[in-house]
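First up is the structure itself, then whatever we jot down about it.
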Amino acid sequence: MERMEGHGRGHEHGHRHEHEHRHGHGLRHRARHVLKPHSHEAADKVDAAMETSREGMRTLWLSLAVLGATTVVQALIVALSGSVALLGDTVHNAADALTALPLGLAFVLGRRAANRRYTYGYGRAEDLAGVVIVGTIAASAAFAAYEAVDRLLHPRDVIHLWAVAAAALVGFAGNEWVARLRIHTGRRIGSAALVADGLHARTDGFTSLAVLLGAGGAALGWRQADPVVGLLITAAILFVLRDAAREVYRRLMDSVDPALVDTAEAALRDVPGIRAVGSVRMRWIGHALRAEADIVVDPGLTVVRAHALAVAAEHALIHAVPRLTAATVHTDHTTAPADGPDPHAELAHHGRPSAR
């Protein structure tokens with residue numbers, strides 16, 4: 001029995017040049033977010049493509065600048081007109097723009113090398129950024145809801161409706177510009193996360209257009225149109241919050257897509273010399289995956305040959321599993337009741353399951 005503890009890092013560096021394609025980024029995780037563009041999870045916004053690409057980071061900060069400018073323009077019109085529908089959209093856009101700050105900080109911190117205290121590095125900073133983002137979205141929803149309900153209870157005319165309509169168009173234009181930039185850059189550098197973020201911005205642009213409905217209703221004399229649209233925008237923010245909180249919770253709980261585990265097990269079974277595959281465990285460290293796997297090999301193998309099989313197993317995993325950077329492979333020999341005592345019996349009282 002042999003545990004290959006240390007060669008995950010060495011193998012990762014020795015073969016990094018072979019894996020720059022990193023499986024075409026056709027990953028579980030980002031592909032799902034393309035279908036659910038309102039995810040704000042931090043690791044979905046700063047992935048490996050962005051880490052290695054100045055173009056990706058430049059897009060992130062340009063998005064912050066454009067959405068920040070859009071928010072300022074809308075905020076001025078809110079102060080001028082008193083529109084709570086526009087206020088809700090402004091708060092939403094501000095929250096989206098501000099997500100770049102914790103993400104950028106997490107990105108910089110995540111590049112720090114592992115040390116004896118943080119032996120896995122600082123990738124978890126992205127998960128903490130996700131918690132901050134969820135809190136920001138929740139606060140924006142609460143504020144928008146309070147203002148909309150207060151306006152329903154205490155009606156007030158919205159003035160300068162032309163300015164409100166113009167601000168709605170500015171919000172749409174800003175989000176659409178950001179959407180096009182993120183999608184174009186994401187496809188250029190192979191970042192599905194950035195593409196998903198672009199789709200999210202495009203969705204927010206249509207939310208801005210909803211403000212036009214409130215302005216139109218107010219122009220027709222329906223005083224409740226503006227706060228009603230404000231409540232609808234609040235509901236949209238709550239849907240964003242639900243998806244974001246769910247993804248951050250899953251990441252904090254070390255959740256992975258079961259399909260990744262299936263892929264890993266299939267890759268291990270295809271390695272010549274591996275007789276069986278035991279437990280396979282994975283977890284996200286920032287935007288990279290690490291794995292632990294148990295394999296069963298011939299009991300007559302030398303230590304050198306068993307180690308070579310462990311290396312081959314890790315190599316197969318890195319090729320097969322998207323975003324996997326390293327794996328710890330535990331080799332075990334075939335064991336049957338007739339072969340003698342269980343080699344793991346000494347660990348049984350520590351909670352380790354028997355090999356049988």
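Ordered as shown in the structure tokens, chains take letters A, B, and onward, while each chain numbers its residues from 1 and ligands are numbered from 1 in the order shown.
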Extract, using only C-alpha atoms, all DNA, RNA and protein residues at most 9 Å from Ala312 (chain A), discarding same-chain residues fewer than 6 positions from it, and format them as an MDAnalysis selection string.
-> chainID A and resid 268 271:272
Mind checking which residues fall within 12 Å of Leu232 (chain A), counting only C-alpha atoms, ignoring those fewer than 6 positions away in the same chain, and posting them as JSON, numbers by chain?
-> {"A": [84, 85, 86, 88, 89, 141, 144, 145, 148, 149, 207, 208, 210, 211, 213, 214, 225, 226, 238, 239]}
Name the closest residue to Glu126 (chain A) among the candidates A:Val248, A:Leu212, A:Ala308, A:Leu301; distances are taken between atoms, counting only C-alpha atoms.
-> A:Val248
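Between Arg111 (chain A) and the candidates A:Gly286, A:Glu55, A:Gly278, A:Trp177, the tightest atom-to-atom separation, counting only C-alpha atoms, involves A:Gly286.
Across the model, the gap from CA of Ala327 (chain A) to CA of Glu292 (chain A) is 5.5 Å.
CA of Asp243 (chain A) to CA of Ser83 (chain A) spans 27.5 Å [interatomic distance, one decimal].
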Check the smallest atom-to-atom distance from each of A:Ile237, A:Val229, A:Ala113, A:Ala65 to Val91 (chain A) using only C-alpha atoms, then report the winner.
-> A:Ile237
Would you give me, as JSON, numbers by chain, the residues in region 138-257 of chain A that DSSP reads as alpha helix (DSSP H)?
-> {"A": [138, 139, 140, 141, 142, 143, 144, 145, 146, 147, 148, 149, 150, 151, 152, 153, 161, 162, 163, 164, 165, 166, 167, 168, 169, 170, 171, 172, 173, 174, 175, 176, 177, 178, 179, 180, 181, 182, 183, 184, 185, 186, 187, 188, 189, 192, 193, 194, 195, 196, 197, 198, 199, 200, 201, 202, 203, 204, 205, 206, 207, 208, 209, 210, 211, 212, 213, 214, 215, 216, 217, 218, 219, 225, 226, 227, 228, 229, 230, 231, 232, 233, 234, 235, 236, 237, 238, 239, 240, 241, 242, 243, 244, 245, 246, 247, 248, 249, 250, 251, 252]}
Those same residues, written as a short mmCIF file (atom, residue, chain, number, x, y, z; two decimals), in the first residue's frame with C-alpha atoms?
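Result file follows (part.cif):
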data_model
loop_
_atom_site.label_atom_id
_atom_site.label_comp_id
_atom_site.auth_asym_id
_atom_site.auth_seq_id
_atom_site.Cartn_x
_atom_site.Cartn_y
_atom_site.Cartn_z
CA ALA A 138 -29.45 41.18 -0.74
CA ALA A 139 -28.93 44.74 0.48
CA SER A 140 -29.84 46.18 -2.93
CA ALA A 141 -33.04 44.10 -3.01
CA ALA A 142 -34.05 45.21 0.49
CA PHE A 143 -33.42 48.87 -0.30
CA ALA A 144 -35.31 48.77 -3.60
CA ALA A 145 -38.26 46.96 -1.98
CA TYR A 146 -38.44 49.46 0.90
CA GLU A 147 -38.48 52.45 -1.43
CA ALA A 148 -41.12 50.89 -3.71
CA VAL A 149 -43.45 49.96 -0.84
CA ASP A 150 -43.01 53.37 0.76
CA ARG A 151 -43.98 55.02 -2.52
CA LEU A 152 -47.09 52.83 -2.80
CA LEU A 153 -48.13 53.85 0.70
CA LEU A 161 -40.53 61.70 -17.11
CA TRP A 162 -38.48 62.40 -20.23
CA ALA A 163 -35.33 62.22 -18.09
CA VAL A 164 -36.48 58.94 -16.52
CA ALA A 165 -37.04 57.47 -19.97
CA ALA A 166 -33.62 58.71 -21.08
CA ALA A 167 -31.98 57.19 -17.99
CA ALA A 168 -33.67 53.87 -18.74
CA LEU A 169 -32.20 53.95 -22.22
CA VAL A 170 -28.79 54.84 -20.77
CA GLY A 171 -29.05 51.82 -18.47
CA PHE A 172 -29.94 49.59 -21.40
CA ALA A 173 -27.13 50.98 -23.56
CA GLY A 174 -24.53 50.62 -20.80
CA ASN A 175 -25.47 47.03 -20.04
CA GLU A 176 -25.64 46.09 -23.72
CA TRP A 177 -22.19 47.60 -24.35
CA VAL A 178 -20.78 45.66 -21.41
CA ALA A 179 -22.56 42.51 -22.60
CA ARG A 180 -21.04 42.75 -26.07
CA LEU A 181 -17.56 43.41 -24.65
CA ARG A 182 -17.69 40.51 -22.19
CA ILE A 183 -19.13 38.06 -24.70
CA HIS A 184 -16.63 39.05 -27.41
CA THR A 185 -13.65 38.86 -25.05
CA GLY A 186 -14.89 35.69 -23.40
CA ARG A 187 -15.15 33.91 -26.74
CA ARG A 188 -11.75 35.23 -27.82
CA ILE A 189 -9.91 33.96 -24.74
CA ALA A 192 -17.21 30.64 -20.62
CA ALA A 193 -17.48 32.52 -17.32
CA LEU A 194 -16.96 35.86 -19.02
CA VAL A 195 -19.48 34.93 -21.70
CA ALA A 196 -22.00 34.08 -18.97
CA ASP A 197 -21.32 37.42 -17.30
CA GLY A 198 -22.01 39.11 -20.62
CA LEU A 199 -25.33 37.33 -20.92
CA HIS A 200 -26.14 38.48 -17.40
CA ALA A 201 -25.42 42.10 -18.36
CA ARG A 202 -27.67 41.73 -21.39
CA THR A 203 -30.48 40.51 -19.11
CA ASP A 204 -29.95 43.53 -16.88
CA GLY A 205 -30.28 45.77 -19.92
CA PHE A 206 -33.80 44.52 -20.51
CA THR A 207 -34.53 45.17 -16.82
CA SER A 208 -33.56 48.79 -17.45
CA LEU A 209 -36.05 48.95 -20.29
CA ALA A 210 -38.78 48.00 -17.81
CA VAL A 211 -38.34 51.45 -16.29
CA LEU A 212 -39.78 52.81 -19.53
CA LEU A 213 -43.04 51.05 -18.67
CA GLY A 214 -43.20 52.88 -15.38
CA ALA A 215 -42.51 56.20 -17.07
CA GLY A 216 -45.15 55.45 -19.72
CA GLY A 217 -47.75 54.53 -17.09
CA ALA A 218 -47.00 57.67 -15.13
CA ALA A 219 -47.33 59.76 -18.29
CA ALA A 225 -47.01 52.56 -12.29
CA ASP A 226 -43.61 53.71 -11.05
CA PRO A 227 -43.62 51.88 -7.67
CA VAL A 228 -45.19 48.78 -9.24
CA VAL A 229 -42.34 48.59 -11.75
CA GLY A 230 -39.97 49.19 -8.84
CA LEU A 231 -41.40 46.11 -7.10
CA LEU A 232 -41.04 44.08 -10.30
CA ILE A 233 -37.38 45.06 -10.49
CA THR A 234 -37.01 44.06 -6.83
CA ALA A 235 -38.44 40.65 -7.73
CA ALA A 236 -35.87 40.35 -10.52
CA ILE A 237 -33.07 41.15 -8.05
CA LEU A 238 -34.43 38.46 -5.70
CA PHE A 239 -34.17 35.87 -8.46
CA VAL A 240 -30.55 36.93 -8.94
CA LEU A 241 -30.03 36.61 -5.19
CA ARG A 242 -31.51 33.11 -5.10
CA ASP A 243 -29.21 31.79 -7.82
CA ALA A 244 -26.15 33.54 -6.40
CA ALA A 245 -26.75 32.31 -2.85
CA ARG A 246 -27.30 28.75 -4.04
CA GLU A 247 -24.05 28.69 -6.02
CA VAL A 248 -22.01 30.26 -3.22
CA TYR A 249 -23.49 27.81 -0.70
CA ARG A 250 -22.59 24.87 -2.92
CA ARG A 251 -19.04 26.13 -3.34
CA LEU A 252 -18.58 26.66 0.40
#
Which residues come within 8 Å of Thr325 (chain A), counting only C-alpha atoms, excluding same-chain residues fewer than 2 positions away, as a ChimeraX atom specification?
-> /A:12,288-290,318,323,327
Could you dump the residues just selected with C-alpha atoms as a compact mmCIF listing (two decimals), in the first residue's frame?
# COMPACT_ATOMS: atom_id res chain seq x y z
CA GLU A 12 1.14 19.67 -12.23
CA ALA A 288 -9.31 25.20 -9.77
CA LEU A 289 -10.20 21.63 -8.83
CA ARG A 290 -8.18 19.24 -6.70
CA ILE A 318 -5.84 16.11 -15.36
CA ARG A 323 -10.00 22.66 -14.36
CA ALA A 327 -4.65 14.91 -7.66
How far is it from CA of Val277 (chain A) to CA of Val297 (chain A), in Å with one decimal?
->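 Computing the Euclidean distance for CA of Val277 (chain A) and CA of Val297 (chain A) yields 9.2 Å.
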